[in-house]
Structures are given as structure tokens and as C-alpha cells.
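Printed here is run_38.tsv (TSV, C-alpha atoms and all ligand atoms):
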chain	number	residue	atom	x	y	z
Y	1	MET	CA	-28.47	5.30	5.44
Y	2	ASN	CA	-25.29	5.34	7.57
Y	3	ALA	CA	-22.18	6.83	5.97
Y	4	PRO	CA	-19.90	4.00	4.83
Y	5	ARG	CA	-16.41	3.55	6.22
Y	6	HIS	CA	-13.65	4.19	3.66
Y	7	TYR	CA	-9.92	3.37	3.51
Y	8	LEU	CA	-8.35	6.34	1.72
Y	9	GLN	CA	-5.13	6.76	3.70
Y	10	PHE	CA	-3.29	4.82	6.39
Y	11	LYS	CA	-4.37	7.08	9.23
Y	12	ASP	CA	-8.05	6.31	8.54
Y	13	PHE	CA	-7.71	3.32	10.92
Y	14	SER	CA	-6.58	3.21	14.54
Y	15	ARG	CA	-3.84	1.09	16.04
Y	16	ALA	CA	-6.44	-1.23	17.61
Y	17	GLU	CA	-8.06	-1.71	14.20
Y	18	TYR	CA	-4.68	-2.58	12.68
Y	19	ASP	CA	-4.06	-5.09	15.47
Y	20	TYR	CA	-7.37	-6.71	14.55
Y	21	LEU	CA	-6.62	-6.64	10.79
Y	22	PHE	CA	-3.19	-8.22	11.22
Y	23	SER	CA	-4.55	-11.04	13.38
Y	24	ARG	CA	-7.48	-11.56	11.01
Y	25	THR	CA	-5.06	-11.65	8.05
Y	26	ARG	CA	-3.09	-14.40	9.80
Y	27	TRP	CA	-6.29	-16.44	10.18
Y	28	ILE	CA	-7.42	-15.84	6.57
Y	29	LYS	CA	-3.96	-16.68	5.19
Y	30	ASP	CA	-3.69	-19.90	7.20
Y	31	ARG	CA	-7.11	-21.08	5.98
Y	32	PHE	CA	-6.18	-20.23	2.40
Y	33	LYS	CA	-2.99	-22.29	2.69
Y	34	ARG	CA	-5.04	-25.27	3.89
Y	35	TYR	CA	-7.48	-24.89	0.92
Y	36	GLU	CA	-10.35	-24.24	3.34
Y	37	PRO	CA	-13.07	-22.15	1.70
Y	38	HIS	CA	-14.05	-18.89	3.41
Y	39	HIS	CA	-16.98	-17.13	1.73
Y	40	PRO	CA	-18.17	-14.31	4.01
Y	41	LEU	CA	-18.71	-12.00	1.02
Y	42	PHE	CA	-20.97	-14.34	-0.98
Y	43	ASP	CA	-22.97	-12.35	-3.55
Y	44	ARG	CA	-21.02	-9.11	-2.91
Y	45	THR	CA	-19.55	-7.16	-5.82
Y	46	LEU	CA	-16.28	-5.25	-5.91
Y	47	VAL	CA	-15.75	-2.65	-8.63
Y	48	MET	CA	-12.11	-1.86	-9.39
Y	49	ILE	CA	-11.36	1.40	-11.21
Y	50	PHE	CA	-7.90	1.80	-12.69
Y	51	GLU	CA	-6.65	5.10	-14.08
Y	52	LYS	CA	-3.05	3.79	-13.95
Y	53	ALA	CA	-1.44	0.43	-14.77
Y	54	SER	CA	-1.30	-2.45	-12.27
Y	55	THR	CA	-0.37	-6.10	-11.90
Y	56	ARG	CA	-0.38	-6.83	-8.15
Y	57	THR	CA	-3.24	-4.56	-7.10
Y	58	ARG	CA	-5.62	-5.81	-9.74
Y	59	LEU	CA	-4.73	-9.44	-9.24
Y	60	SER	CA	-4.87	-9.37	-5.45
Y	61	PHE	CA	-8.20	-7.53	-5.27
Y	62	GLU	CA	-9.84	-9.59	-8.00
Y	63	ALA	CA	-8.58	-12.97	-6.74
Y	64	GLY	CA	-9.25	-11.91	-3.14
Y	65	MET	CA	-12.89	-10.98	-3.76
Y	66	GLN	CA	-13.51	-14.24	-5.63
Y	67	GLN	CA	-11.88	-16.27	-2.85
Y	68	LEU	CA	-14.21	-14.55	-0.34
Y	69	GLY	CA	-17.23	-15.70	-2.37
Y	70	GLY	CA	-17.94	-12.45	-4.23
Y	71	SER	CA	-17.20	-11.14	-7.69
Y	72	ALA	CA	-15.06	-8.34	-9.08
Y	73	ILE	CA	-15.52	-6.04	-12.06
Y	74	TYR	CA	-12.62	-4.18	-13.70
Y	75	LEU	CA	-13.07	-0.71	-15.20
Y	76	ASN	CA	-10.42	1.52	-16.67
Y	77	THR	CA	-10.32	5.05	-17.95
Y	78	ARG	CA	-9.80	3.97	-21.54
Y	79	ASP	CA	-13.00	2.02	-22.06
Y	80	SER	CA	-15.39	3.60	-19.58
Y	81	GLN	CA	-17.02	7.03	-19.48
Y	82	LEU	CA	-14.53	7.99	-16.74
Y	83	GLY	CA	-12.01	8.87	-19.44
Y	84	ARG	CA	-14.55	10.99	-21.32
Y	85	GLY	CA	-15.16	13.56	-18.63
Y	86	GLU	CA	-18.09	12.15	-16.64
Y	87	PRO	CA	-17.89	13.92	-13.27
Y	88	VAL	CA	-16.40	11.82	-10.48
Y	89	GLU	CA	-19.40	12.66	-8.29
Y	90	ASP	CA	-21.83	11.21	-10.88
Y	91	ALA	CA	-19.71	8.11	-11.44
Y	92	ALA	CA	-19.58	7.53	-7.66
Y	93	GLN	CA	-23.37	7.66	-7.31
Y	94	VAL	CA	-23.95	5.26	-10.20
Y	95	ILE	CA	-21.16	2.78	-9.45
Y	96	SER	CA	-22.00	2.60	-5.75
Y	97	ARG	CA	-25.67	1.77	-6.48
Y	98	MET	CA	-24.60	-1.34	-8.37
Y	99	SER	CA	-21.84	-2.64	-6.12
Y	100	ASP	CA	-20.89	-3.24	-2.49
Y	101	ILE	CA	-17.33	-1.92	-2.40
Y	102	VAL	CA	-15.12	0.10	-4.76
Y	103	MET	CA	-11.33	0.15	-5.15
Y	104	ILE	CA	-9.77	3.04	-7.06
Y	105	ARG	CA	-6.27	3.65	-8.44
Y	106	THR	CA	-6.00	7.22	-9.67
Y	107	PHE	CA	-3.94	10.42	-9.73
Y	108	GLU	CA	-4.67	13.11	-7.10
Y	109	GLN	CA	-5.93	12.07	-3.67
Y	110	SER	CA	-8.68	14.70	-4.09
Y	111	ILE	CA	-10.25	12.52	-6.82
Y	112	ILE	CA	-10.72	9.54	-4.52
Y	113	GLU	CA	-11.94	11.82	-1.73
Y	114	ARG	CA	-14.60	13.31	-4.02
Y	115	PHE	CA	-15.61	9.82	-5.13
Y	116	ALA	CA	-15.89	8.65	-1.51
Y	117	GLU	CA	-18.02	11.63	-0.55
Y	118	TYR	CA	-20.65	10.60	-3.10
Y	119	SER	CA	-20.36	6.84	-2.68
Y	120	ARG	CA	-22.94	4.74	-0.82
Y	121	VAL	CA	-20.40	1.97	-0.29
Y	122	PRO	CA	-16.85	1.72	1.12
Y	123	VAL	CA	-14.09	3.09	-1.10
Y	124	VAL	CA	-10.52	1.74	-0.91
Y	125	ASN	CA	-7.41	3.55	-2.14
Y	126	GLY	CA	-5.53	1.27	-4.55
Y	127	LEU	CA	-2.83	3.99	-5.01
Y	128	THR	CA	-2.94	7.72	-5.60
Y	129	ASN	CA	-0.14	10.20	-6.25
Y	130	GLU	CA	-0.04	10.82	-2.49
Y	131	TYR	CA	-0.67	7.43	-0.82
Y	132	HIS	CA	-0.69	3.63	-1.18
Y	133	PRO	CA	-2.20	2.35	2.09
Y	134	CYS	CA	-2.90	-1.25	0.97
Y	135	GLN	CA	0.80	-1.64	0.16
Y	136	ILE	CA	1.95	-0.63	3.63
Y	137	LEU	CA	-0.74	-2.82	5.20
Y	138	ALA	CA	0.90	-5.76	3.38
Y	139	ASP	CA	4.43	-4.57	4.17
Y	140	ILE	CA	3.81	-4.31	7.90
Y	141	PHE	CA	2.07	-7.69	8.00
Y	142	THR	CA	5.14	-9.09	6.21
Y	143	PHE	CA	7.49	-7.47	8.72
Y	144	ILE	CA	5.47	-8.93	11.61
Y	145	GLU	CA	5.58	-12.40	10.01
Y	146	HIS	CA	9.37	-12.25	9.69
Y	147	ARG	CA	10.48	-10.19	12.69
Y	148	GLY	CA	7.54	-9.69	15.10
Y	149	PRO	CA	5.92	-6.39	16.19
Y	150	ILE	CA	7.02	-3.24	14.35
Y	151	GLN	CA	6.48	-0.90	17.30
Y	152	GLY	CA	9.79	0.71	18.31
Y	153	LYS	CA	11.61	-0.52	15.18
Y	154	THR	CA	13.46	1.59	12.60
Y	155	VAL	CA	12.61	1.69	8.90
Y	156	ALA	CA	15.03	3.28	6.39
Y	157	TRP	CA	13.50	4.72	3.23
Y	158	VAL	CA	16.02	5.51	0.47
Y	159	GLY	CA	14.89	7.37	-2.67
Y	160	ASP	CA	11.86	9.37	-3.73
Y	161	SER	CA	9.46	10.79	-1.14
Y	162	ASN	CA	6.50	9.37	-3.07
Y	163	ASN	CA	3.11	7.80	-2.28
Y	164	VAL	CA	4.67	4.69	-0.69
Y	165	CYS	CA	7.07	6.78	1.41
Y	166	ASN	CA	4.26	9.06	2.61
Y	167	THR	CA	2.28	6.02	3.68
Y	168	TRP	CA	5.21	4.58	5.65
Y	169	LEU	CA	5.41	7.94	7.42
Y	170	GLN	CA	1.73	7.87	8.35
Y	171	ALA	CA	2.04	4.27	9.51
Y	172	ALA	CA	4.94	5.22	11.79
Y	173	GLU	CA	2.70	7.73	13.56
Y	174	VAL	CA	-0.21	5.30	13.92
Y	175	LEU	CA	1.84	2.23	14.93
Y	176	ASP	CA	4.71	4.00	16.76
Y	177	PHE	CA	7.93	3.19	14.93
Y	178	GLN	CA	10.59	5.41	13.34
Y	179	VAL	CA	11.14	6.14	9.64
Y	180	ARG	CA	14.48	7.54	8.47
Y	181	VAL	CA	14.18	9.03	5.00
Y	182	SER	CA	17.02	9.92	2.67
Y	183	THR	CA	16.12	11.69	-0.57
Y	184	PRO	CA	18.24	13.75	-2.98
Y	185	PRO	CA	18.01	17.53	-2.53
Y	186	GLY	CA	14.80	18.85	-4.03
Y	187	TYR	CA	12.85	15.61	-3.43
Y	188	GLU	CA	12.41	15.89	0.35
Y	189	VAL	CA	9.28	14.80	2.22
Y	190	GLU	CA	6.55	17.42	2.36
Y	191	PRO	CA	4.98	16.74	5.78
Y	192	GLU	CA	1.68	18.39	4.88
Y	193	ARG	CA	1.30	16.41	1.65
Y	194	ALA	CA	2.26	13.27	3.57
Y	195	GLY	CA	-0.58	14.05	5.99
Y	196	LEU	CA	1.62	13.90	9.10
Y	197	TYR	CA	0.63	14.97	12.59
Y	198	GLY	CA	4.25	15.84	13.34
Y	199	THR	CA	4.70	13.35	16.18
Y	200	GLY	CA	8.44	12.98	15.71
Y	201	HIS	CA	8.42	9.55	14.05
Y	202	PHE	CA	10.26	10.81	10.97
Y	203	VAL	CA	13.90	11.92	10.57
Y	204	HIS	CA	15.53	13.18	7.36
Y	205	PHE	CA	19.10	12.15	6.43
Y	206	ASP	CA	21.10	13.72	3.61
Y	207	ASP	CA	23.27	10.61	3.39
Y	208	PRO	CA	21.44	7.36	2.52
Y	209	MET	CA	24.12	5.27	4.30
Y	210	GLU	CA	23.38	7.12	7.55
Y	211	ALA	CA	19.65	6.51	7.10
Y	212	CYS	CA	20.31	2.75	6.80
Y	213	ARG	CA	22.69	2.51	9.77
Y	214	GLY	CA	21.10	0.21	12.37
Y	215	ALA	CA	17.75	-0.02	10.52
Y	216	ASP	CA	15.52	-3.08	10.98
Y	217	LEU	CA	13.97	-2.71	7.54
Y	218	VAL	CA	15.44	-1.07	4.44
Y	219	THR	CA	13.06	-0.15	1.65
Y	220	THR	CA	12.86	1.84	-1.55
Y	221	ASP	CA	10.72	2.30	-4.65
Y	222	VAL	CA	11.09	3.43	-8.27
Y	223	TRP	CA	12.72	6.79	-8.91
Y	224	THR	CA	9.91	7.76	-11.29
Y	225	SER	CA	6.36	6.97	-10.21
Y	226	MET	CA	3.42	6.62	-12.57
Y	227	GLY	CA	2.27	10.04	-13.71
Y	228	PHE	CA	5.75	11.58	-13.43
Y	229	GLU	CA	7.27	10.04	-16.57
Y	230	ALA	CA	8.13	13.46	-18.07
Y	231	GLU	CA	10.73	13.90	-15.27
Y	232	ASN	CA	12.36	10.52	-15.87
Y	233	GLU	CA	15.66	11.65	-17.41
Y	234	GLU	CA	16.27	14.30	-14.77
Y	235	ARG	CA	15.39	11.85	-11.99
Y	236	MET	CA	17.85	9.22	-13.30
Y	237	ARG	CA	20.61	11.80	-12.78
Y	238	ASP	CA	19.36	13.17	-9.46
Y	239	PHE	CA	18.83	9.75	-7.80
Y	240	ALA	CA	22.03	8.03	-9.04
Y	241	ASP	CA	23.55	7.92	-5.50
Y	242	TRP	CA	20.32	6.68	-3.90
Y	243	GLN	CA	20.53	3.03	-4.95
Y	244	VAL	CA	20.05	0.45	-2.15
Y	245	ASP	CA	23.10	-1.80	-2.49
Y	246	GLU	CA	25.06	-4.31	-0.41
Y	247	ASP	CA	27.02	-1.54	1.35
Y	248	MET	CA	23.79	0.00	2.62
Y	249	MET	CA	22.48	-3.40	3.77
Y	250	LYS	CA	25.80	-4.01	5.58
Y	251	VAL	CA	25.39	-0.98	7.85
Y	252	ALA	CA	21.77	-1.90	8.65
Y	253	ASN	CA	20.92	-4.18	11.57
Y	254	PRO	CA	22.27	-7.70	10.73
Y	255	GLY	CA	18.69	-9.03	10.88
Y	256	ALA	CA	17.33	-6.28	8.61
Y	257	VAL	CA	14.91	-7.20	5.85
Y	258	PHE	CA	14.71	-5.52	2.45
Y	259	MET	CA	11.33	-4.57	0.94
Y	260	HIS	CA	10.17	-3.11	-2.37
Y	261	CYS	CA	6.52	-2.72	-3.37
Y	262	LEU	CA	7.39	-3.75	-6.97
Y	263	PRO	CA	7.68	-3.39	-9.89
Y	264	ALA	CA	11.44	-2.87	-9.40
Y	265	HIS	CA	14.23	-1.63	-11.65
Y	266	ARG	CA	17.40	-3.56	-10.85
Y	267	GLY	CA	20.43	-1.32	-11.24
Y	268	GLU	CA	18.40	1.84	-10.51
Y	269	GLU	CA	16.79	2.13	-7.05
Y	270	VAL	CA	18.10	-1.29	-5.95
Y	271	SER	CA	20.99	-3.53	-6.94
Y	272	ALA	CA	20.21	-7.06	-8.13
Y	273	ASP	CA	22.23	-8.63	-5.31
Y	274	VAL	CA	20.02	-6.93	-2.70
Y	275	ILE	CA	16.58	-7.55	-4.22
Y	276	ASP	CA	17.51	-11.13	-5.13
Y	277	GLY	CA	19.57	-11.65	-1.96
Y	278	PRO	CA	18.90	-13.40	1.35
Y	279	GLN	CA	17.53	-10.34	3.19
Y	280	SER	CA	14.90	-9.61	0.55
Y	281	VAL	CA	11.28	-10.50	1.40
Y	282	VAL	CA	9.73	-8.95	-1.72
Y	283	TRP	CA	7.83	-12.06	-2.86
Y	284	ASP	CA	6.18	-12.53	0.55
Y	285	GLU	CA	5.39	-8.83	0.49
Y	286	ALA	CA	3.66	-9.16	-2.90
Y	287	GLU	CA	1.73	-12.30	-1.85
Y	288	ASN	CA	0.55	-10.65	1.35
Y	289	ARG	CA	-1.32	-8.00	-0.66
Y	290	LEU	CA	-3.87	-10.77	-1.28
Y	291	HIS	CA	-4.28	-11.79	2.35
Y	292	VAL	CA	-4.37	-8.31	3.95
Y	293	GLN	CA	-6.85	-6.99	1.39
Y	294	LYS	CA	-9.18	-9.94	2.03
Y	295	ALA	CA	-9.14	-9.02	5.72
Y	296	LEU	CA	-9.66	-5.36	4.78
Y	297	MET	CA	-12.67	-6.02	2.51
Y	298	GLU	CA	-14.25	-8.33	5.08
Y	299	PHE	CA	-13.74	-5.67	7.79
Y	300	LEU	CA	-15.21	-2.86	5.66
Y	301	LEU	CA	-18.24	-4.93	4.63
Y	302	ILE	CA	-19.11	-6.93	7.73
Y	303	GLY	CA	-17.00	-5.44	10.53
Y	304	LYS	CA	-15.02	-7.35	13.10
Y	305	VAL	CA	-15.56	-11.08	13.09
Y	306	ASP	CA	-15.07	-13.19	16.18
Y	307	LYS	CA	-12.64	-15.75	14.84
Y	308	ASP	CA	-13.92	-18.57	17.04
Y	309	ARG	CA	-17.40	-18.21	15.60
Y	310	SER	CA	-16.74	-17.68	11.90
H	1	LIG	N1	2.87	-2.70	-5.71
H	1	LIG	C1	1.85	-2.48	-6.53
H	1	LIG	O1	0.88	-1.79	-6.20
H	1	LIG	O2	1.95	-3.10	-7.74
H	1	LIG	P1	1.04	-2.89	-9.03
H	1	LIG	O3	1.36	-1.53	-9.58
H	1	LIG	O4	1.45	-4.00	-9.97
H	1	LIG	O5	-0.40	-2.99	-8.64
H	2	LIG	N1	5.46	4.77	-6.44
H	2	LIG	C1	5.02	3.85	-7.48
H	2	LIG	C2	4.37	2.66	-6.86
H	2	LIG	C3	3.89	1.61	-7.83
H	2	LIG	C4	3.21	0.47	-7.17
H	2	LIG	C5	4.09	4.56	-8.43
H	2	LIG	O1	3.23	5.33	-7.94
H	2	LIG	O2	4.20	4.38	-9.63

Please, can you express the file's structure as C-alpha cells?
Ligand code: CP
Ligand code: NVA
Amino acid sequence: MNAPRHYLQFKDFSRAEYDYLFSRTRWIKDRFKRYEPHHPLFDRTLVMIFEKASTRTRLSFEAGMQQLGGSAIYLNTRDSQLGRGEPVEDAAQVISRMSDIVMIRTFEQSIIERFAEYSRVPVVNGLTNEYHPCQILADIFTFIEHRGPIQGKTVAWVGDSNNVCNTWLQAAEVLDFQVRVSTPPGYEVEPERAGLYGTGHFVHFDDPMEACRGADLVTTDVWTSMGFEAENEERMRDFADWQVDEDMMKVANPGAVFMHCLPAHRGEEVSADVIDGPQSVVWDEAENRLHVQKALMEFLLIGKVDKDRS
């Protein structure tokens, strides 16, 4: 049996594969908008394992698999044996004998890597403490829809150097754009944890305004990610000056878009006038999770499809 292809972090795919995925997403999205059925994954089963909460990831994977002709099963830590200490390696062998593809949202990246090592079927990262590749797949597709190719552009990240930030940084190396990150002292990017090759696509700024100056895309995320709730009070104090507001958007490129993976906290990491304002593309960004993940699941299960023949 050939080893399956997994999607555990952004750098698992090449630039050519992303070019294919983005064009395939366009095709899948257009068909969906015309109510034209597309069932390449008839009879296939997706298992979704959630060790953390979710709205968008669950909905987009479950709806996406059904729209592709397959079915999806939801498992969580609370009501499965996963929460009672069954080894990840055993769970991977059992779950992958009964399904065709597995999506996991969990804590450490090492958990999903161990699962993938013992899985007979492709494993997709639906968010770990370190990375959130499906989110950035959707974000970059959204940028391309609104502003064209991302190569050579500048992204400003304001806030915590978390899983979403790390994934932007990997994407910059794979797709050749720049990410300017501004975090409070003590929350800086850890290049090794971010899995960077060190190709010079990332610059740190102490001042968030300077990070935003001239940026084509300004983005942020919650100050306290899932799993870090014990640090919440301290983070509220430490991040107080790292809110994306109108002043930051004003120094960005006049055509800049604002993104947030959601859920958002208005008045914390972003002001209401920015997230609800004219430069915000957050609802397109959320919707595109559906379309990019359909392209991703199709690619992992049946490979590249010649669009004129499908
Ligand atoms: N952006 C995102 O992954 O949202 P959920 O936590 O709702 O899945
Ligand atoms: N950084 C956030 C993203 C949620 C989609 C978290 O990990 O909680």
C-alpha cells in the first residue's frame, strides 16, 4: 500500500500544487454557485475529530464532503475513547480502516503527526497549537479573488504569533510574498516553531503601525487562542496596544483588505469599524473555507483533475 499524502502544515504542498488548488477552487465554487452537482467523492467517508471547539471548520468540512457526494462523521474527545486515553497510534489505525480521509483539530502538532504516521488514509490539519493551514488556503484564495496574485505583496500581521500567524509565515516562503509581524514583547515569532526555512520573507516590527504601513493585507486574530485560556487576563494587558483600528488601516495601502479567521472579539484585537468596514473581507474568507477544502479533499483523494474532462 502506498503511503497516503497528508496536509499537516502549509509547506507540505508546493507552489505548483497551490496554483492547481486555487484554480480548481475557482471551478468548484463557480459550479456550486450555479447549483450544478459535483460528486467526485461519492461513497467516500470523512471522519472529523475535534479536540477543540469549532463552527467554521466543522461546518465547511461536513457540508463540503456532502456536496462532493460523500459523508462525514463527527467525533469529539468528550464522547469517544480519544478522551479516555486510547493511544493516538491505535485510534489512527482503527479510524483509517473505516474511512477515506480524516480531519483533526487538536493541541500539539506532534499529535497529528503521530496520527498521520499510523493512518492508511490522508490526514488534514483542521488546526493545531502550531498551525492552521486550511485557514490560510482560504485566506489566500480570498486575496486572489479580490486583488489578484499574492506573489510580491505585503501582509501585515498584528497581534499574537499563534498558529494562524505561523501559517502565514510558511505561506510567504512557499508563495513568495512578505509578512510583517508586530507582536508585544515576549510574544515574538519563534522561527523554529513556525517551521520556517529562513528565506527572508518575514520581518518583525516593534510598532504595529509600522508593520501596517504600505501593506496590501492587514490581518489579526484573537489575543488568546484555544488552549491558552489560563493566560487570558495577562494577555488582555499585554496586547492592549495591538488592536487593528482605523489608524492602522489608514497607513496601509489604500487598496488593502482586512482579514480575520474568526471568531473575532470586537474591541480587543480589532475595532468594530474595521471588521465591519468597507475593507473587511471576513465573510468571503469564511465562505471560502468551504470551497478550498472541497478542492483539497478532491486533490488528496483523487489527485489532479483535468477540468475539461470532469
Ligand atoms: N476560523 C476557524 O477555524 O473557525 P472555527 O474555530 O469556528 O472552526
Ligand atoms: N488562533 C485561534 C484560531 C481559531 C480559529 C485559536 O487557535 O484559537

Counting only C-alpha atoms and all ligand atoms, which of Y:Gln170, Y:Thr142, Y:Asn232, Y:Gln66 gets nearest to ligand LIG 2 (chain H)? Y:Asn232

May I have the residues within 8 Å of Lys11 of chain Y as a PyMOL selection string, using only C-alpha atoms and disregarding those fewer than 3 positions away in the same chain? chain Y and resi 14+170-171+174

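Atom CA of Ala92 of chain Y to atom CA of Leu127 of chain Y spans 17.3 Å [interatomic distance, one decimal].
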
Would you please work out which residue, of Y:Gly64, Y:Gly152, Y:Gly70, Y:Pro37, is nearest to Lys294 of chain Y when using all atoms listed in the file? Y:Gly64

Pick out the residues no farther than 9 Å from ligand LIG 2 (chain H), counting all atoms listed in the file, and list them as a PyMOL selection string. chain Y and resi 52-57+107+127-132+135+160-165+221-228+261-264

Which neighbours of Trp242 of chain Y fall inside 6 Å, counting all atoms listed in the file, when residues of the same chain fewer than 2 positions from it are skipped, and could you give them as a VMD selection string? chain Y and resid 159 239 to 240

note - atom CA of Thr77 of chain Y and atom CA of Leu290 of chain Y are separated by 23.9 Å

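All residues of protein, DNA or RNA that reach within 9 Å of His291 of chain Y, judged by all atoms listed in the file and not counting those fewer than 3 positions away in the chain, are Y:Thr25, Y:Arg26, Y:Ile28, Y:Lys29, Y:Phe32, Y:Ser60, Y:Gly64, Y:Ala138, Y:Glu287, Y:Asn288, Y:Lys294, Y:Ala295, Y:Leu296.
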
Nearest residue to Ala172 of chain Y out of Y:Leu21, Y:Asp43, Y:Phe10, Y:His204, using all atoms listed in the file? Y:Phe10

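Residue nearest Arg5 of chain Y within the list Y:Ser110, Y:Ser71, Y:Ser119, Y:Gln178: Y:Ser119 [criterion: smallest interatomic distance, all atoms listed in the file].
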
Using all atoms listed in the file, the residue out of Y:Pro133, Y:Pro87, Y:Pro4, Y:Gly200 with shortest distance to ligand LIG 1 (chain H) is Y:Pro133

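The coordinates place atom CA of Glu145 of chain Y at 27.5 Å from atom CA of Gly195 of chain Y.
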
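Considering only C-alpha atoms, the residue among Y:Glu36, Y:Asp284, Y:Glu246, Y:Glu210 positioned nearest to Asp139 of chain Y is Y:Asp284.
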
Enclose the full set of atoms of ligand LIG 1 (chain H) listed in the file within a box whose edges lie along x, y and z, apply 6 Å of padding to each of the six sides, and report centre and edge lengths in Å to one decimal as lines of an AutoDock Vina configuration file.
center_x = 1.2
center_y = -2.8
center_z = -7.8
size_x = 15.3
size_y = 14.5
size_z = 16.3

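Close to (-5.5, 6.8, -20.3), meaning no more than 10 Å away when counting all atoms listed in the file, sit the residues Phe50, Glu51, Lys52, Ala53, Asn76, Thr77, Arg78, Asp79, Leu82 and Gly83 of chain Y.
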
Considering all atoms listed in the file, return as a VMD selection string whatever protein or nucleic-acid residues lie within 12 Å of Ile101 of chain Y, sequence-local ones (same chain, fewer than 6 positions apart) excluded. chain Y and resid 4 to 7 41 43 to 49 61 65 70 to 73 92 95 116 119 to 125 296 to 302
